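Just below is one structure, and these are the notes that go with it.
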Amino acid sequence: MWRVARFAASNLRRSSQRRLFSTAAIPGPCIVHKRGADILHDPWFNKDTGFPLTERDRLGLRGLLPPRVISFEQQYDRFMESYRSLEKNTKGQPYGVVSLAKWRILNRLHDRNETLYYRVLIDNIKDFAPIIYTPTVGLVCQNYSGLFRRPRGMYFSARDKGEMMSMIYNWPGQQVDMIVLTDGSRILGLGDLGVQGIGIPIGKLDMYVAAAGINPQRILPVMLDIGTNNQKLLEDPLYLGLRQPRLEGEEYLSIVDEFMEAVHSRWPKAIVQFEDFQMKWAFETLQRYRKRFCMFNDDIQGTAGVALAGLLGTVRAQGQPLSDFVNQKIVVVGAGSAGLGVLNMAIQALSRISGNNEMAVKNHCYLLDKDGLVTKERKNIDPAAAPFAKDLKDVEGLREGASVLEVVKTLKPHVLLGLSGVGGIFNEEVLKAMRESDSPKPAIFAMSNPTMNAECTAADAFKHAGPNIVFGSGSPFENVDLGNGKVGHVNQANNMYLFPGIGLGTLLSGARIITDGMLQAAAECLASYMTDEEIQKGILYPSIDCIRHITANVGAAVLRAAVVEDLAEGHCDVGPRELKHMSEEETVAYVMQNMWFPIYSPLVHEK
Ligand SMILES: NC(=O)c1ccc[n+]([C@@H]2O[C@H](COP(=O)([O-])OP(=O)(O)OC[C@H]3O[C@@H](n4cnc5c(N)ncnc54)[C@H](O)[C@@H]3O)[C@@H](O)[C@H]2O)c1
Ligand SMILES: O=C(O)C[C@H](O)C(=O)O
Ligand SMILES: [Mg+2]
């Protein structure tokens, strides 16, 4: 399990993104079927003032641009300069105003020149991820009607029933590798945002391009608009989605079925990532499609892997062997798709890794939902939560529905993990109670998004629970200055560390389904990525600056798991036999070679 880590640590990890790609081959030509102004208005081909004079002649662009040719590097610097001056000019203004202004300037660049957009995104991922992805993406979804300028992706609505098979051919791209699909019913911790949830698939797919190097011509964000139950949106005259309540039951499923069939018929190998579906549909669709289509649910399965890596890191941070896991008391607050996904995967993996039976691990896991501690006394218990309900005789001093504070005070858990969507629920009292934890290094994961919905802030966690904690959050927080030169490290426990590698590894393997084994390989790869020294400092996940490298490793782990399970059919001209014969290191190199990188290609016109 730790072998991938050694390779990771000893090789490319510390090289910067720029160096990593400075050896990229001279770009091959790119065929374009348009000429003149049409090219300038197509962000995929547009190079703005970067078109060389010969290309301007060949493509009918002469006279349509100012005469001077500006290099890609100059364009890059000019954009970054305007971005930095926007940052300077908005200093001191409220967070929402600043981050939306930043989102707008990036979005405008995307709509004009995709090559430059993805290049600045990749090179500045640490600064830009919080803008194009969590947390700003939440604000973008909330303000979608006002921000809407140009459509991105596809919209399938309940009114399109019976038409989807032909509609899918309206998408101009010949090939699609990666689709992120939402129905907008549970957008981050913000609830039902209807059609406005399209921002999430767009943000996730931008991360696919930045982290996994999926070719942006082959991505497709999709909104399945089956109505909304958000009364405010239904009454908003500018709301852009269907103004009707959500479809339910068979009516709902028949729409999703039709969409999945349509995708499969046009692009049989496209991978569909389900994102931000409310719990009942998240579980139901996963069960319904996972054996038939190449799909996964990121909130259930991606999140689980990231949390598992965090839990394993926590045990390592305590200086304990992984077999000690069975002694860790874990309290999960939030019994939704994410919380239950985490418990299911953690119990399976931890019993396997620690050599204990599942029951022994499960005995130390406690689950709370909006009604408090889930016990066998619970009336109308959700069947998905039932396996984790505690027998009251096993939780001395606690009652059915006990609050987070009661549970923490009584159990003194090693790990407190929040996936409730409720901001501030780990309040001062709860955090102070974590000081009495039975662990010398208690872990607090406030994984709900966006920032306002985090169960606590990083600063509060270190202030109230003490400097010895290990801390993770779904949305980014700054590291905390603990005084005396000490730093409280913040880990971004976000599924962005896994979903890009799960998608890329599956794509390159050519597997037609995504199995538990492939997902477990992804999680274990992430868990083993950090060195003991880093873990000792409380650093559980790599810096987002290394996102392409960790994704290459995760992708390779997923691909190799597919090979082991005999599911790898190969991709393009690399067949299953070649994949089988690749060493671990060759697989990582192969995955890296297949990452798209933005550079201007010479354009060749073809009628
Ligand atoms: N960090 C990540 O990578 C990541 C991944 C997935 C989800 N999330 C976040 O997790 C949150 C939940 O997502 P989900 O898909 O599980 O949502 P969900 O709606 O399926 O589940 C929410 C759960 O929280 C419980 N809850 C509500 N109020 C509570 C309270 N006061 N006390 C205790 N429990 C309470 C609900 O009963 C429910 O069980 C969201 O904010 C989402 O952004 C983060
Ligand atoms: O979108 C994220 O940042 C993580 C996760 O998928 C979520 O739903 O919160
Ligand atoms: Mg999500």
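Chain labels A, B, ... are given in the sequence in which chains occur in the structure tokens; within each chain residues are numbered consecutively from 1, and ligands are likewise numbered from 1 in the order shown.
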
*asked:* Neighbours of ligand 2 at 6 Å or closer, counting only C-alpha atoms and all ligand atoms: which residues, as number ranges by chain?
replied: A: 134, 188, 276, 299, 449, 494-495

*Could you tell me, counting only C-alpha atoms and all ligand atoms, which protein and nucleic acid residues lie no more than 6 Å from ligand 1, written as a ChimeraX atom specification?*
/A:188-189,278-279,299,303,333-339,368-370,372,419-422,447-449,474,493-495

Resulting file, chosen residues, C-alpha atoms, as a PDB file, in the first residue's frame:
```pdb
ATOM      1  CA  LEU A 188     -23.301  22.012  -1.400  1.00  0.00           C
ATOM      2  CA  GLY A 189     -24.992  22.825   1.929  1.00  0.00           C
ATOM      3  CA  GLN A 278     -30.467  14.845  -2.626  1.00  0.00           C
ATOM      4  CA  MET A 279     -29.827  11.728  -0.608  1.00  0.00           C
ATOM      5  CA  ASP A 299     -20.682  12.870  -2.823  1.00  0.00           C
ATOM      6  CA  THR A 303     -16.015  12.005  -0.307  1.00  0.00           C
ATOM      7  CA  VAL A 333     -22.441  14.284  12.394  1.00  0.00           C
ATOM      8  CA  GLY A 334     -24.670  14.145   9.316  1.00  0.00           C
ATOM      9  CA  ALA A 335     -26.392  10.990   8.106  1.00  0.00           C
ATOM     10  CA  GLY A 336     -26.855  12.035   4.489  1.00  0.00           C
ATOM     11  CA  SER A 337     -25.286  10.773   1.289  1.00  0.00           C
ATOM     12  CA  ALA A 338     -21.850  11.993   2.357  1.00  0.00           C
ATOM     13  CA  GLY A 339     -21.903  10.899   6.018  1.00  0.00           C
ATOM     14  CA  LEU A 368     -25.919  11.736  14.388  1.00  0.00           C
ATOM     15  CA  ASP A 369     -28.475  13.412  12.177  1.00  0.00           C
ATOM     16  CA  LYS A 370     -30.764  16.410  12.618  1.00  0.00           C
ATOM     17  CA  GLY A 372     -29.317  13.729  17.287  1.00  0.00           C
ATOM     18  CA  LEU A 419     -21.064  16.362   7.053  1.00  0.00           C
ATOM     19  CA  SER A 420     -24.275  17.981   8.224  1.00  0.00           C
ATOM     20  CA  GLY A 421     -24.352  21.145   6.121  1.00  0.00           C
ATOM     21  CA  VAL A 422     -24.980  23.090   9.354  1.00  0.00           C
ATOM     22  CA  MET A 447     -16.326  18.968   5.922  1.00  0.00           C
ATOM     23  CA  SER A 448     -19.528  20.806   4.991  1.00  0.00           C
ATOM     24  CA  ASN A 449     -19.486  23.402   2.216  1.00  0.00           C
ATOM     25  CA  GLY A 474     -14.272  20.942   3.011  1.00  0.00           C
ATOM     26  CA  ALA A 493     -10.722  17.541   3.126  1.00  0.00           C
ATOM     27  CA  ASN A 494     -12.518  17.884  -0.194  1.00  0.00           C
ATOM     28  CA  ASN A 495     -13.363  15.249  -2.763  1.00  0.00           C
TER      29      ASN A 495
END
```

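The coordinates place CA of Met582 (chain A) at 27.2 Å from CA of Pro216 (chain A).
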
_Considering only helix (DSSP H, G or I) as DSSP defines it on the backbone, what residues of region 354-456 of chain A qualify? List them as a count of residues only._
32

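CA of Trp281 (chain A) to CA of Lys376 (chain A) spans 24.5 Å [interatomic distance, one decimal].
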
*Could you name the residues that touch Ala210 (chain A) at 12 Å or less, counting only C-alpha atoms, but leaving out those on the same chain fewer than 4 positions away, as a ChimeraX atom specification?*
/A:17,115,117-126,128-129,132-133,203-206,214-216,496-497,500-501,504,544-549,551-552,595-598

Near Ala385 (chain A), within 9 Å and counting only C-alpha atoms, which residues show up once chain neighbours fewer than 4 positions away are dropped, as a short mmCIF file (atom, residue, chain, number, x, y, z; two decimals) with C-alpha atoms, in the first residue's frame?
```cif
data_model
loop_
_atom_site.label_atom_id
_atom_site.label_comp_id
_atom_site.auth_asym_id
_atom_site.auth_seq_id
_atom_site.Cartn_x
_atom_site.Cartn_y
_atom_site.Cartn_z
CA ALA A 335 -26.39 10.99 8.11
CA GLY A 336 -26.86 12.03 4.49
CA LEU A 340 -23.27 7.44 5.21
CA LEU A 367 -23.86 8.60 13.80
CA VAL A 374 -29.15 7.62 15.91
CA ILE A 381 -35.30 5.31 10.91
CA ALA A 389 -27.95 2.79 14.84
#
```

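All residues of protein, DNA or RNA that reach within 6 Å of Ile31 (chain A), judged by only C-alpha atoms and not counting those fewer than 4 positions away in the chain, are A:Leu603, A:Val604, A:His605.
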
*Skip region 66-82 of chain A itself and residues of its chain fewer than 4 positions away, then list as a PyMOL selection string all residues within 8 Å of it, counting only C-alpha atoms.*
chain A and resi 49-53+86+116+120+600

_Could you check the closest approach to Phe45 (chain A) for each of A:Asp57, A:Glu114, A:Glu606, A:Glu250 and tell me which residue wins, using only C-alpha atoms?_
A:Glu114

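For the pair CA of Asn344 (chain A) and CA of Val272 (chain A), the interatomic distance is 21.9 Å.
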
*Using only C-alpha atoms, which residues sit within 10 Å of Tyr155 (chain A) once same-chain residues fewer than 6 positions away are excluded, as a PyMOL selection string?*
chain A and resi 167+181+195+198+221-225+241

_With distances taken over only C-alpha atoms, which residue among A:Lys432, A:Arg512, A:Arg56, A:Lys441 lies nearest Lys291 (chain A)?_
A:Arg512

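For the choices A:Ala446, A:Leu405, A:Cys365, A:Leu350, the atom-to-atom distance to Ser475 (chain A) is smallest for A:Ala446 when using only C-alpha atoms.
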
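Considering only region 136-314 of chain A, backbone DSSP assigns strand (DSSP E or B) to Met154, Tyr155, Phe156, Ser157, Met178, Ile179, Val180, Leu181, Thr182, Ile219, Leu220, Pro221, Val222, Met223, Leu224, Asp225, Ile271, Val272, Gln273, Phe274, Met295, Phe296 and Asn297 of chain A.
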